[in-house]
Amino acid sequence: YQPWAAKRVVEAFNRRGIDDPTTLCLPPGLPRANNVSLFPIQIVQTPQQIVILYEYMSVFRLIPLNAKHPDDLLPSYMGNSVGHWEGDTLVVDVIGFNDKTWLAGAGTFHSDALHITERYTRVDKDQINYDVSMEDPNVLTKPWTMHSTLMLREGTRLQEYVCAENNLGPD
């Protein structure tokens, strides 16, 4: 983080994340949605697109394959995704974010200039390696990369997720 931004992250951490946007039932954004391990994700592949369904906050992503981002993007929580295959790896380019989500833990904010590149590599039947690079020239000094693993849990089903209506605070 740039020095001014690092102070803001520490302040949010010291408040124990009470200003976490998800406590207000807002979507988690990326890459956070992929790293909430208590909640399952379902990935559906068609010849034209990949669909990712998240149980957490009941959000979804449509990832057109071999497409370009539209010129008339409106900023959104999950951004606008387009993907292509590089061998066995799905590469997803994501832009068009608003600035209302956190990247990972407490206070890891970003601006609407966020650009994310995700790489999903299926290692075997039960494992996908997830690598993500985040760039935000307004907040970060260099790309921030993270690596995690998505594991198949046979028989797991997505369940309905309901956030408390009109939740105005974490109480």
# chains A, B, ... in the order shown; residues from 1 in each chain; ligands from 1
call {"tool": "residues_around", "arguments": {"residues": "Val59 of chain A", "least_positions_apart": "2", "cutoff": "9 Å", "atoms": "only C-alpha atoms", "output": "PyMOL selection string"}}
result
chain A and resi 27-28+33+52-57+61+78
call {"tool": "residues_around", "arguments": {"residues": "segment 135-144 of chain A", "least_positions_apart": "4", "cutoff": "6 Å", "atoms": "only C-alpha atoms", "output": "count of residues only"}}
result
5
call {"tool": "residues_around", "arguments": {"residues": "segment 116-131 of chain A", "least_positions_apart": "3", "cutoff": "12 Å", "atoms": "only C-alpha atoms", "output": "ChimeraX atom specification"}}
result
/A:29-32,34-35,41,43,50,52,63,78-97,103,110,112-113,134-136,143-154
call {"tool": "write_last_selection", "arguments": {"atoms": "C-alpha atoms", "output": "PDB file, in the first residue's frame"}}
result
ATOM      1  CA  GLY A  29     -16.022  -8.320  -4.177  1.00  0.00           C
ATOM      2  CA  LEU A  30     -12.904  -9.962  -5.552  1.00  0.00           C
ATOM      3  CA  PRO A  31     -10.759 -11.772  -4.699  1.00  0.00           C
ATOM      4  CA  ARG A  32     -12.434 -11.949  -1.304  1.00  0.00           C
ATOM      5  CA  ASN A  34     -13.076 -16.765  -3.642  1.00  0.00           C
ATOM      6  CA  ASN A  35     -11.364 -16.902  -0.274  1.00  0.00           C
ATOM      7  CA  ILE A  41     -18.551 -22.062  -4.813  1.00  0.00           C
ATOM      8  CA  ILE A  43     -18.310 -23.320 -11.288  1.00  0.00           C
ATOM      9  CA  ILE A  50     -17.883 -19.696 -17.257  1.00  0.00           C
ATOM     10  CA  ILE A  52     -19.287 -18.854 -10.888  1.00  0.00           C
ATOM     11  CA  ILE A  63     -17.261 -14.762 -17.515  1.00  0.00           C
ATOM     12  CA  MET A  78     -17.812  -7.910  -8.565  1.00  0.00           C
ATOM     13  CA  GLY A  79     -16.417  -6.025 -11.564  1.00  0.00           C
ATOM     14  CA  ASN A  80     -16.658  -7.090 -15.191  1.00  0.00           C
ATOM     15  CA  SER A  81     -14.903 -10.335 -16.125  1.00  0.00           C
ATOM     16  CA  VAL A  82     -13.703 -11.772 -19.429  1.00  0.00           C
ATOM     17  CA  GLY A  83     -11.708 -14.984 -19.733  1.00  0.00           C
ATOM     18  CA  HIS A  84      -9.643 -17.158 -22.002  1.00  0.00           C
ATOM     19  CA  TRP A  85      -7.817 -20.452 -21.740  1.00  0.00           C
ATOM     20  CA  GLU A  86      -4.030 -20.749 -21.623  1.00  0.00           C
ATOM     21  CA  GLY A  87      -3.607 -24.505 -21.800  1.00  0.00           C
ATOM     22  CA  ASP A  88      -5.271 -25.926 -18.672  1.00  0.00           C
ATOM     23  CA  THR A  89      -5.495 -22.528 -16.961  1.00  0.00           C
ATOM     24  CA  LEU A  90      -8.498 -20.223 -17.101  1.00  0.00           C
ATOM     25  CA  VAL A  91      -7.214 -16.635 -17.131  1.00  0.00           C
ATOM     26  CA  VAL A  92      -9.785 -14.013 -16.108  1.00  0.00           C
ATOM     27  CA  ASP A  93      -9.309 -10.268 -16.564  1.00  0.00           C
ATOM     28  CA  VAL A  94     -11.515  -8.166 -14.258  1.00  0.00           C
ATOM     29  CA  ILE A  95     -12.079  -4.390 -14.355  1.00  0.00           C
ATOM     30  CA  GLY A  96     -14.996  -2.037 -13.705  1.00  0.00           C
ATOM     31  CA  PHE A  97     -15.074  -2.164  -9.905  1.00  0.00           C
ATOM     32  CA  LEU A 103      -9.700  -7.298  -1.239  1.00  0.00           C
ATOM     33  CA  HIS A 110      -9.072  -0.357  -3.159  1.00  0.00           C
ATOM     34  CA  ASP A 112     -12.303   2.077  -8.698  1.00  0.00           C
ATOM     35  CA  ALA A 113      -9.048   1.780 -10.700  1.00  0.00           C
ATOM     36  CA  MET A 134      -4.339  -7.055  -8.035  1.00  0.00           C
ATOM     37  CA  GLU A 135      -3.182  -3.717  -9.419  1.00  0.00           C
ATOM     38  CA  ASP A 136      -4.472  -0.347  -8.269  1.00  0.00           C
ATOM     39  CA  PRO A 143       0.863  -5.508  -7.872  1.00  0.00           C
ATOM     40  CA  TRP A 144      -0.351  -7.551  -4.903  1.00  0.00           C
ATOM     41  CA  THR A 145      -0.495 -11.293  -5.525  1.00  0.00           C
ATOM     42  CA  MET A 146      -2.175 -14.061  -3.556  1.00  0.00           C
ATOM     43  CA  HIS A 147      -2.363 -17.815  -3.985  1.00  0.00           C
ATOM     44  CA  SER A 148      -4.963 -20.183  -2.592  1.00  0.00           C
ATOM     45  CA  THR A 149      -6.502 -23.538  -3.348  1.00  0.00           C
ATOM     46  CA  LEU A 150     -10.112 -24.343  -4.148  1.00  0.00           C
ATOM     47  CA  MET A 151     -10.999 -27.895  -3.115  1.00  0.00           C
ATOM     48  CA  LEU A 152     -13.846 -30.050  -4.394  1.00  0.00           C
ATOM     49  CA  ARG A 153     -16.069 -31.323  -1.608  1.00  0.00           C
ATOM     50  CA  GLU A 154     -18.191 -34.121  -3.075  1.00  0.00           C
TER      51      GLU A 154
END
call {"tool": "atom_distance", "arguments": {"atom1": "atom CA of Val10 of chain A", "atom2": "atom CA of Ser133 of chain A"}}
result
21.5 Å
call {"tool": "select_by_dssp", "arguments": {"residues": "chain A", "states": "alpha helix (DSSP H)", "output": "list in words"}}
result
Pro3, Trp4, Ala5, Ala6, Lys7, Arg8, Val9, Val10, Glu11, Ala12, Phe13 and Asn14 of chain A
call {"tool": "write_last_selection", "arguments": {"atoms": "N, CA and C atoms", "output": "PDB file, in the first residue's frame"}}
result
ATOM      1  N   PRO A   3       1.853   4.827   1.450  1.00  0.00           N
ATOM      2  CA  PRO A   3       1.886   5.143   2.885  1.00  0.00           C
ATOM      3  C   PRO A   3       0.554   5.637   3.459  1.00  0.00           C
ATOM      4  N   TRP A   4      -0.129   6.535   2.765  1.00  0.00           N
ATOM      5  CA  TRP A   4      -1.403   7.030   3.282  1.00  0.00           C
ATOM      6  C   TRP A   4      -2.443   5.914   3.364  1.00  0.00           C
ATOM      7  N   ALA A   5      -2.413   5.005   2.392  1.00  0.00           N
ATOM      8  CA  ALA A   5      -3.383   3.907   2.342  1.00  0.00           C
ATOM      9  C   ALA A   5      -3.078   2.862   3.412  1.00  0.00           C
ATOM     10  N   ALA A   6      -1.783   2.620   3.667  1.00  0.00           N
ATOM     11  CA  ALA A   6      -1.398   1.655   4.701  1.00  0.00           C
ATOM     12  C   ALA A   6      -1.924   2.100   6.063  1.00  0.00           C
ATOM     13  N   LYS A   7      -1.895   3.389   6.334  1.00  0.00           N
ATOM     14  CA  LYS A   7      -2.433   3.899   7.601  1.00  0.00           C
ATOM     15  C   LYS A   7      -3.921   3.604   7.708  1.00  0.00           C
ATOM     16  N   ARG A   8      -4.615   3.780   6.610  1.00  0.00           N
ATOM     17  CA  ARG A   8      -6.061   3.525   6.606  1.00  0.00           C
ATOM     18  C   ARG A   8      -6.365   2.043   6.847  1.00  0.00           C
ATOM     19  N   VAL A   9      -5.563   1.156   6.271  1.00  0.00           N
ATOM     20  CA  VAL A   9      -5.750  -0.292   6.482  1.00  0.00           C
ATOM     21  C   VAL A   9      -5.518  -0.643   7.947  1.00  0.00           C
ATOM     22  N   VAL A  10      -4.455  -0.103   8.545  1.00  0.00           N
ATOM     23  CA  VAL A  10      -4.153  -0.376   9.956  1.00  0.00           C
ATOM     24  C   VAL A  10      -5.276   0.138  10.857  1.00  0.00           C
ATOM     25  N   GLU A  11      -5.796   1.323  10.548  1.00  0.00           N
ATOM     26  CA  GLU A  11      -6.905   1.864  11.337  1.00  0.00           C
ATOM     27  C   GLU A  11      -8.109   0.930  11.295  1.00  0.00           C
ATOM     28  N   ALA A  12      -8.444   0.411  10.115  1.00  0.00           N
ATOM     29  CA  ALA A  12      -9.578  -0.516   9.998  1.00  0.00           C
ATOM     30  C   ALA A  12      -9.301  -1.808  10.754  1.00  0.00           C
ATOM     31  N   PHE A  13      -8.073  -2.295  10.669  1.00  0.00           N
ATOM     32  CA  PHE A  13      -7.709  -3.518  11.391  1.00  0.00           C
ATOM     33  C   PHE A  13      -7.841  -3.296  12.895  1.00  0.00           C
ATOM     34  N   ASN A  14      -7.364  -2.160  13.380  1.00  0.00           N
ATOM     35  CA  ASN A  14      -7.439  -1.862  14.811  1.00  0.00           C
ATOM     36  C   ASN A  14      -8.876  -1.699  15.300  1.00  0.00           C
TER      37      ASN A  14
END
call {"tool": "select_by_dssp", "arguments": {"residues": "segment 10-162 of chain A", "states": "strand (DSSP E or B)", "output": "VMD selection string"}}
result
chain A and resid 41 to 45 49 to 54 60 to 65 76 80 to 86 89 to 95 97 115 to 124 127 to 135 144 to 151
